[in-house]
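Engineer: Got a structure for you, target-v3.cif, holding mmCIF, C-alpha atoms.
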```cif
data_model
#
loop_
_atom_site.label_atom_id
_atom_site.label_comp_id
_atom_site.auth_asym_id
_atom_site.auth_seq_id
_atom_site.Cartn_x
_atom_site.Cartn_y
_atom_site.Cartn_z
CA MET A 1 104.42 87.54 68.39
CA VAL A 2 106.26 90.81 67.78
CA SER A 3 105.63 92.56 71.12
CA LYS A 4 107.98 91.70 73.99
CA ILE A 5 106.71 90.61 77.38
CA ILE A 6 108.13 92.16 80.56
CA ILE A 7 107.61 89.83 83.51
CA MET A 8 107.01 91.92 86.62
CA LEU A 9 107.53 90.13 89.92
CA THR A 10 104.72 92.18 91.42
CA HIS A 11 101.24 91.54 92.75
CA ASN A 12 98.79 94.14 94.07
CA ASP A 13 101.23 96.87 92.96
CA ARG A 14 104.07 95.59 95.17
CA THR A 15 107.07 93.38 94.55
CA VAL A 16 106.31 89.95 96.00
CA PRO A 17 108.34 88.83 99.04
CA ASN A 18 109.60 85.68 97.27
CA ALA A 19 110.58 87.50 94.07
CA LEU A 20 114.15 86.12 94.06
CA GLU A 21 112.98 82.52 94.42
CA THR A 22 110.30 83.03 91.77
CA PHE A 23 112.83 84.44 89.35
CA ALA A 24 115.30 81.64 90.04
CA SER A 25 112.62 79.07 89.22
CA CYS A 26 111.97 80.67 85.81
CA LYS A 27 115.23 82.24 84.69
CA ASP A 28 115.85 79.47 82.13
CA LEU A 29 112.65 80.30 80.24
CA PRO A 30 112.95 82.30 76.98
CA VAL A 31 111.95 85.66 78.48
CA ASP A 32 114.51 88.45 78.20
CA PHE A 33 112.74 91.31 80.01
CA TRP A 34 112.19 91.16 83.80
CA GLY A 35 111.34 93.79 86.37
CA PHE A 36 109.76 94.76 89.65
CA LYS A 37 108.60 97.79 91.61
CA ASP A 38 110.47 99.91 94.10
CA VAL A 39 108.06 98.93 96.90
CA GLY A 40 107.68 95.58 98.64
CA LEU A 41 111.33 94.57 99.11
CA GLU A 42 114.11 95.87 101.32
CA ARG A 43 116.94 97.58 99.46
CA GLU A 44 119.35 94.69 100.07
CA LYS A 45 116.88 92.18 98.62
CA MET A 46 116.27 94.42 95.62
CA ALA A 47 120.01 94.45 95.00
CA GLN A 48 120.16 90.65 95.24
CA LEU A 49 117.27 90.28 92.82
CA ILE A 50 118.67 92.56 90.14
CA ALA A 51 122.09 90.94 90.51
CA ALA A 52 120.46 87.56 89.82
CA MET A 53 118.68 88.99 86.77
CA LYS A 54 121.90 90.49 85.44
CA ALA A 55 123.80 87.25 86.04
CA ALA A 56 121.16 85.44 83.98
CA GLY A 57 121.61 87.92 81.11
CA LYS A 58 118.23 89.59 81.50
CA THR A 59 117.24 93.17 80.59
CA THR A 60 115.90 94.86 83.71
CA PHE A 61 113.05 97.28 84.40
CA LEU A 62 112.19 99.21 87.55
CA GLU A 63 108.65 100.58 87.71
CA VAL A 64 108.06 103.52 90.03
CA VAL A 65 104.58 104.87 90.74
CA THR A 66 105.17 108.30 92.24
CA TYR A 67 104.06 111.78 91.28
CA SER A 68 106.18 114.47 92.94
CA GLU A 69 109.52 115.56 91.50
CA GLU A 70 111.31 114.56 94.70
CA GLU A 71 109.77 111.06 94.72
CA CYS A 72 110.37 110.55 91.01
CA MET A 73 114.02 111.55 91.40
CA ALA A 74 114.35 109.10 94.29
CA GLY A 75 113.04 106.37 91.99
CA ALA A 76 115.51 107.39 89.30
CA LYS A 77 118.37 107.23 91.78
CA THR A 78 117.29 103.74 92.82
CA ALA A 79 117.30 102.67 89.17
CA VAL A 80 120.81 104.06 88.66
CA GLU A 81 122.30 102.83 91.93
CA LEU A 82 121.01 99.28 91.48
CA GLY A 83 121.96 99.10 87.82
CA PHE A 84 118.62 98.85 86.04
CA ASP A 85 118.50 99.17 82.26
CA TYR A 86 115.13 100.96 82.19
CA LEU A 87 113.05 103.13 84.51
CA MET A 88 109.32 102.85 83.87
CA GLY A 89 106.71 105.12 85.35
CA THR A 90 106.96 108.38 87.30
CA LEU A 91 105.55 111.61 85.99
CA PHE A 92 107.96 113.27 83.59
CA PHE A 93 110.33 115.87 85.00
CA ASP A 94 113.20 117.40 83.05
CA SER A 95 115.47 116.92 86.07
CA VAL A 96 114.70 113.20 86.25
CA TYR A 97 115.26 112.76 82.54
CA ALA A 98 118.57 114.63 82.64
CA TYR A 99 119.77 112.48 85.55
CA LEU A 100 118.84 109.24 83.78
CA GLN A 101 120.51 110.39 80.55
CA GLU A 102 123.69 111.15 82.48
CA HIS A 103 123.71 107.59 83.82
CA GLN A 104 122.60 105.80 80.62
CA VAL A 105 119.29 104.48 81.98
CA LYS A 106 116.49 104.45 79.42
CA TYR A 107 113.32 106.29 80.52
CA LEU A 108 109.70 105.30 79.91
CA PRO A 109 107.57 107.81 81.87
CA PHE A 110 103.81 107.76 82.26
CA CYS A 111 101.77 109.89 79.88
CA GLY A 112 98.42 111.55 80.47
CA THR A 113 97.05 112.47 83.88
CA VAL A 114 98.03 109.72 86.32
CA THR A 115 96.84 109.87 89.91
CA GLY A 116 96.15 107.67 92.90
CA SER A 117 97.26 104.27 94.12
CA PRO A 118 96.42 101.99 92.40
CA SER A 119 96.99 104.41 89.53
CA VAL A 120 94.19 105.84 87.43
CA LEU A 121 94.80 107.32 83.98
CA SER A 122 92.53 110.10 82.79
CA GLY A 123 92.34 112.53 79.91
CA SER A 124 91.09 112.41 76.33
CA PHE A 125 92.89 110.25 73.79
CA GLU A 126 94.19 113.41 72.13
CA GLU A 127 95.55 114.79 75.41
CA ILE A 128 97.27 111.52 76.31
CA ILE A 129 98.79 111.05 72.85
CA ASN A 130 99.95 114.68 72.66
CA ASP A 131 101.53 114.39 76.10
CA ALA A 132 103.43 111.32 74.94
CA LYS A 133 104.56 113.09 71.78
CA SER A 134 105.88 116.05 73.77
CA MET A 135 108.06 113.75 75.92
CA LEU A 136 109.24 111.72 72.93
CA ASP A 137 110.19 114.98 71.22
CA LYS A 138 112.44 115.68 74.21
CA GLY A 139 114.19 112.38 73.61
CA VAL A 140 112.81 109.87 76.11
CA TYR A 141 113.22 106.28 74.95
CA GLY A 142 109.51 105.48 75.13
CA ILE A 143 106.30 105.66 77.17
CA ASP A 144 104.68 103.64 79.96
CA LEU A 145 100.98 103.65 79.00
CA LEU A 146 98.53 102.64 81.74
CA ALA A 147 95.90 101.93 79.10
CA PHE A 148 93.72 99.61 81.13
CA ARG A 149 93.68 102.05 84.05
CA HIS A 150 91.68 104.32 81.73
CA GLN A 151 87.91 104.03 81.28
CA GLN A 152 88.40 103.24 77.59
CA GLY A 153 91.45 101.03 77.94
CA ALA A 154 91.41 98.92 74.80
CA GLU A 155 90.30 101.80 72.59
CA LEU A 156 93.00 104.04 74.05
CA ALA A 157 95.72 101.43 73.54
CA GLU A 158 94.69 100.91 69.93
CA ALA A 159 94.49 104.64 69.20
CA TYR A 160 97.88 105.23 70.79
CA CYS A 161 99.63 102.45 68.86
CA SER A 162 98.11 103.73 65.63
CA ALA A 163 99.32 107.28 66.30
CA ILE A 164 102.82 106.69 67.72
CA LYS A 165 105.43 104.20 66.57
CA SER A 166 108.07 104.92 69.22
CA PRO A 167 108.45 102.26 71.95
CA VAL A 168 105.49 101.98 74.30
CA VAL A 169 104.84 99.54 77.13
CA ILE A 170 101.20 98.68 77.75
CA ALA A 171 101.37 98.24 81.51
CA GLY A 172 98.91 96.22 83.51
CA SER A 173 95.79 94.06 83.10
CA ILE A 174 97.05 91.79 80.32
CA ASN A 175 95.45 88.87 82.11
CA SER A 176 93.96 86.52 79.52
CA ARG A 177 94.74 84.90 76.18
CA GLU A 178 92.23 87.28 74.60
CA ARG A 179 94.18 90.27 75.92
CA ILE A 180 97.42 88.78 74.57
CA ASP A 181 95.72 88.38 71.19
CA PHE A 182 94.66 92.04 71.39
CA ILE A 183 98.24 93.08 72.16
CA ASP A 184 99.43 91.08 69.16
CA ARG A 185 96.96 92.94 66.98
CA ILE A 186 97.97 96.47 68.03
CA LYS A 187 101.68 95.58 68.38
CA PRO A 188 103.16 97.83 71.08
CA TRP A 189 106.88 97.49 71.71
CA ALA A 190 106.20 95.59 74.95
CA PHE A 191 103.64 94.80 77.62
CA THR A 192 103.91 93.90 81.30
CA MET A 193 102.51 90.90 83.10
CA GLY A 194 102.73 90.11 86.79
CA SER A 195 99.60 89.65 88.87
CA ALA A 196 97.94 87.38 86.28
CA LEU A 197 100.76 84.88 86.75
CA PHE A 198 100.52 84.96 90.53
CA THR A 199 96.73 84.52 90.37
CA GLU A 200 97.27 81.65 87.90
CA ASN A 201 94.95 82.96 85.19
CA PHE A 202 96.47 80.78 82.47
CA ALA A 203 97.02 77.43 84.21
CA PRO A 204 94.86 77.42 87.36
CA GLY A 205 96.37 75.63 90.32
CA GLU A 206 99.71 74.97 88.63
CA GLY A 207 101.92 77.73 90.00
CA PHE A 208 103.84 80.70 88.59
CA ARG A 209 106.21 78.82 86.26
CA LYS A 210 103.50 76.74 84.58
CA ASN A 211 101.45 79.89 84.05
CA LEU A 212 104.41 81.66 82.47
CA GLU A 213 105.05 78.63 80.27
CA ALA A 214 101.40 78.75 79.16
CA VAL A 215 101.78 82.44 78.24
CA ILE A 216 104.97 81.75 76.29
CA ASP A 217 103.29 78.89 74.45
CA HIS A 218 100.35 81.11 73.52
CA MET A 219 102.62 83.91 72.34
CA ASN A 220 104.55 81.43 70.21
CA SER A 221 101.34 80.11 68.72
CA ILE A 222 100.52 83.51 67.24
CA GLN A 223 103.91 84.21 65.69
#
```
Re-express the file's structure as structure tokens.
Structural biologist:
Amino acid sequence: MVSKIIIMLTHNDRTVPNALETFASCKDLPVDFWGFKDVGLEREKMAQLIAAMKAAGKTTFLEVVTYSEEECMAGAKTAVELGFDYLMGTLFFDSVYAYLQEHQVKYLPFCGTVTGSPSVLSGSFEEIINDAKSMLDKGVYGIDLLAFRHQQGAELAEAYCSAIKSPVVIAGSINSRERIDFIDRIKPWAFTMGSALFTENFAPGEGFRKNLEAVIDHMNSIQ
């Protein structure tokens, strides 16, 4: 499978309390990309978690779901101060992008009209794609697309991946083998998975690690 998976240690839009233990139990698996959100853990525990990820040689992602310039900048500062490789999410602000560029953190902002918590994505396909193009033209590394938070999620994801070849992360709701097959067909750069592992969608009753192993096995089967 060409698309990368980003394992998010999040459930119900928050980093899980036992994120460090969960990561430790799975760090030997062949998954390079790991991340979590800026809510759910104390700062000290966030620092411990990213240190463990770095020590294991992982590429790290912080996802921030905020909408004001002040809140988005605070998320960017967290990403820089804790040493993340990528910041995902936030609405795009030139000031946030400039700050991340200065500190060599790659930026994948939301595109389209994103509101609420949990987030909702709205706008026509054309509006969403054009918004992404405008940010990519400014030089951002890629886009965080909340496709399945849109009323036409699968259709939007497919249209986006047909229109834009720059890196895009399809974030959220990849929660079945059928959705993984869909991702393989449209081939985004990456996709996130978190809650579906905690709710054991792939190996019911067998815990987080066995569910992640089942996902890896399925991804390998469609190479």
Engineer: With all atoms listed in the file as the atoms that count, which of A:Ile222, A:Leu62, A:Ile216, A:Ile129 lies nearest to Cys26 in chain A?
Structural biologist: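 Smallest separation from Cys26 in chain A among the options: A:Ile216.
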Engineer: Need the shell around Arg185 in chain A: protein/DNA/RNA residues with any atom at most 12 Å away, counting all atoms listed in the file. Skip same-chain ones fewer than 6 positions apart. Format as a list of chain:residue names?
Structural biologist: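 Residues near the query, excluding close chain neighbours: A:Met1, A:Val2, A:Ser3, A:Ala154, A:Ala157, A:Glu158, A:Cys161, A:Ser162, A:Glu178, A:Arg179, A:Met219, A:Ile222, A:Gln223.
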Engineer: Just how far from CA of Asp32 in chain A is CA of Lys77 in chain A, in Å to one decimal?
Structural biologist: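 A separation of 23.5 Å between them.
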Engineer: Using only C-alpha atoms, which of the listed residues (A:Asp217, A:Gly207, A:Asp13, A:Ala171) sits closest to Phe191 in chain A?
Structural biologist: A:Ala171
Engineer: Care to translate the PyMOL selection byres ((chain A and resi 58) around 10) into actual residues of this file, as a JSON list (two decimals) with C-alpha atoms, in the frame of the given file?
Structural biologist:
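The resulting selection.json:
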```
[["chain", "number", "residue", "atom", "x", "y", "z"],
["A", 27, "LYS", "CA", 115.23, 82.24, 84.69],
["A", 31, "VAL", "CA", 111.95, 85.66, 78.48],
["A", 32, "ASP", "CA", 114.51, 88.45, 78.20],
["A", 33, "PHE", "CA", 112.74, 91.31, 80.01],
["A", 34, "TRP", "CA", 112.19, 91.16, 83.80],
["A", 35, "GLY", "CA", 111.34, 93.79, 86.37],
["A", 50, "ILE", "CA", 118.67, 92.56, 90.14],
["A", 51, "ALA", "CA", 122.09, 90.94, 90.51],
["A", 52, "ALA", "CA", 120.46, 87.56, 89.82],
["A", 53, "MET", "CA", 118.68, 88.99, 86.77],
["A", 54, "LYS", "CA", 121.90, 90.49, 85.44],
["A", 55, "ALA", "CA", 123.80, 87.25, 86.04],
["A", 56, "ALA", "CA", 121.16, 85.44, 83.98],
["A", 57, "GLY", "CA", 121.61, 87.92, 81.11],
["A", 59, "THR", "CA", 117.24, 93.17, 80.59],
["A", 60, "THR", "CA", 115.90, 94.86, 83.71],
["A", 61, "PHE", "CA", 113.05, 97.28, 84.40],
["A", 85, "ASP", "CA", 118.50, 99.17, 82.26]]
```
Engineer: Calculated over all atoms listed in the file, which of the candidates A:Glu126, A:Glu63, A:Glu200, A:Asp181 has the smallest distance to Asp144 in chain A?
Structural biologist: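 Among the listed residues, A:Glu63 lies closest to Asp144 in chain A.
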Engineer: What's the separation between CA of Tyr107 in chain A and CA of Tyr141 in chain A, in Å to one decimal place?
Structural biologist: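 Result for CA of Tyr107 in chain A versus CA of Tyr141 in chain A: 5.6 Å, one decimal.
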Engineer: Just so the selection is clear, what residues does the PyMOL selection byres ((chain A and resi 176) around 8) cover here, as a JSON list (two decimals) with C-alpha atoms, keeping the file's coordinate frame?
Structural biologist:
```json
[["chain", "number", "residue", "atom", "x", "y", "z"],
["A", 174, "ILE", "CA", 97.05, 91.79, 80.32],
["A", 175, "ASN", "CA", 95.45, 88.87, 82.11],
["A", 177, "ARG", "CA", 94.74, 84.90, 76.18],
["A", 178, "GLU", "CA", 92.23, 87.28, 74.60],
["A", 179, "ARG", "CA", 94.18, 90.27, 75.92],
["A", 180, "ILE", "CA", 97.42, 88.78, 74.57],
["A", 196, "ALA", "CA", 97.94, 87.38, 86.28],
["A", 201, "ASN", "CA", 94.95, 82.96, 85.19],
["A", 202, "PHE", "CA", 96.47, 80.78, 82.47]]
```
Engineer: Using the chain letters and numbers from the file, which residues does the PyMOL selection byres ((chain A and resi 112) around 8) grab, as a compact mmCIF listing (two decimals) with C-alpha atoms, keeping the file's coordinate frame?
Structural biologist:
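For reference, part.txt as written:
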```
# COMPACT_ATOMS: atom_id res chain seq x y z
CA PHE A 110 103.81 107.76 82.26
CA CYS A 111 101.77 109.89 79.88
CA THR A 113 97.05 112.47 83.88
CA VAL A 114 98.03 109.72 86.32
CA LEU A 121 94.80 107.32 83.98
CA SER A 122 92.53 110.10 82.79
CA GLY A 123 92.34 112.53 79.91
CA GLU A 127 95.55 114.79 75.41
CA ILE A 128 97.27 111.52 76.31
CA ILE A 129 98.79 111.05 72.85
CA ASP A 131 101.53 114.39 76.10
CA ALA A 132 103.43 111.32 74.94
```
Engineer: Restricting the calculation to all atoms listed in the file, which member of A:Val39, A:Ala79, A:Met88, A:Ile143 is positioned closest to Pro17 in chain A?
Structural biologist: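 Checking each candidate against Pro17 in chain A, we get A:Val39 as the closest.
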Engineer: Looking at only C-alpha atoms, which of A:Phe36, A:Trp189, A:Tyr97, A:Tyr86 is the one that sits closest to Ser166 in chain A?
Structural biologist: A:Trp189
Engineer: Here is a test: counting only C-alpha atoms, which residue of A:Val80, A:Asp184, A:Gly205, A:Phe93 is nearest to His218 in chain A?
Structural biologist: A:Asp184
Engineer: What's the separation between CA of Leu145 in chain A and CA of Gln48 in chain A, in Å to one decimal place?
Structural biologist: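 Computing it gives 28.3 Å between the two atoms.
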Engineer: I'd like the contact shell of Gly116 in chain A - 10 Å cut-off, only C-alpha atoms, skipping same-chain residues fewer than 3 positions apart - returned as a list in words.
Structural biologist: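 The contact residues come out as Val65, Thr66, Tyr67, Ser119, Val120 and Leu121 of chain A.
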Engineer: Centre and edge lengths of an axis-aligned box around all listed atoms of range 2-8 of chain A, with 3 Å added on each side, are to be given in Å to one decimal, as JSON.
Structural biologist:
```
{"center_x": 106.9, "center_y": 91.2, "center_z": 77.2, "size_x": 8.5, "size_y": 8.7, "size_z": 24.8}
```
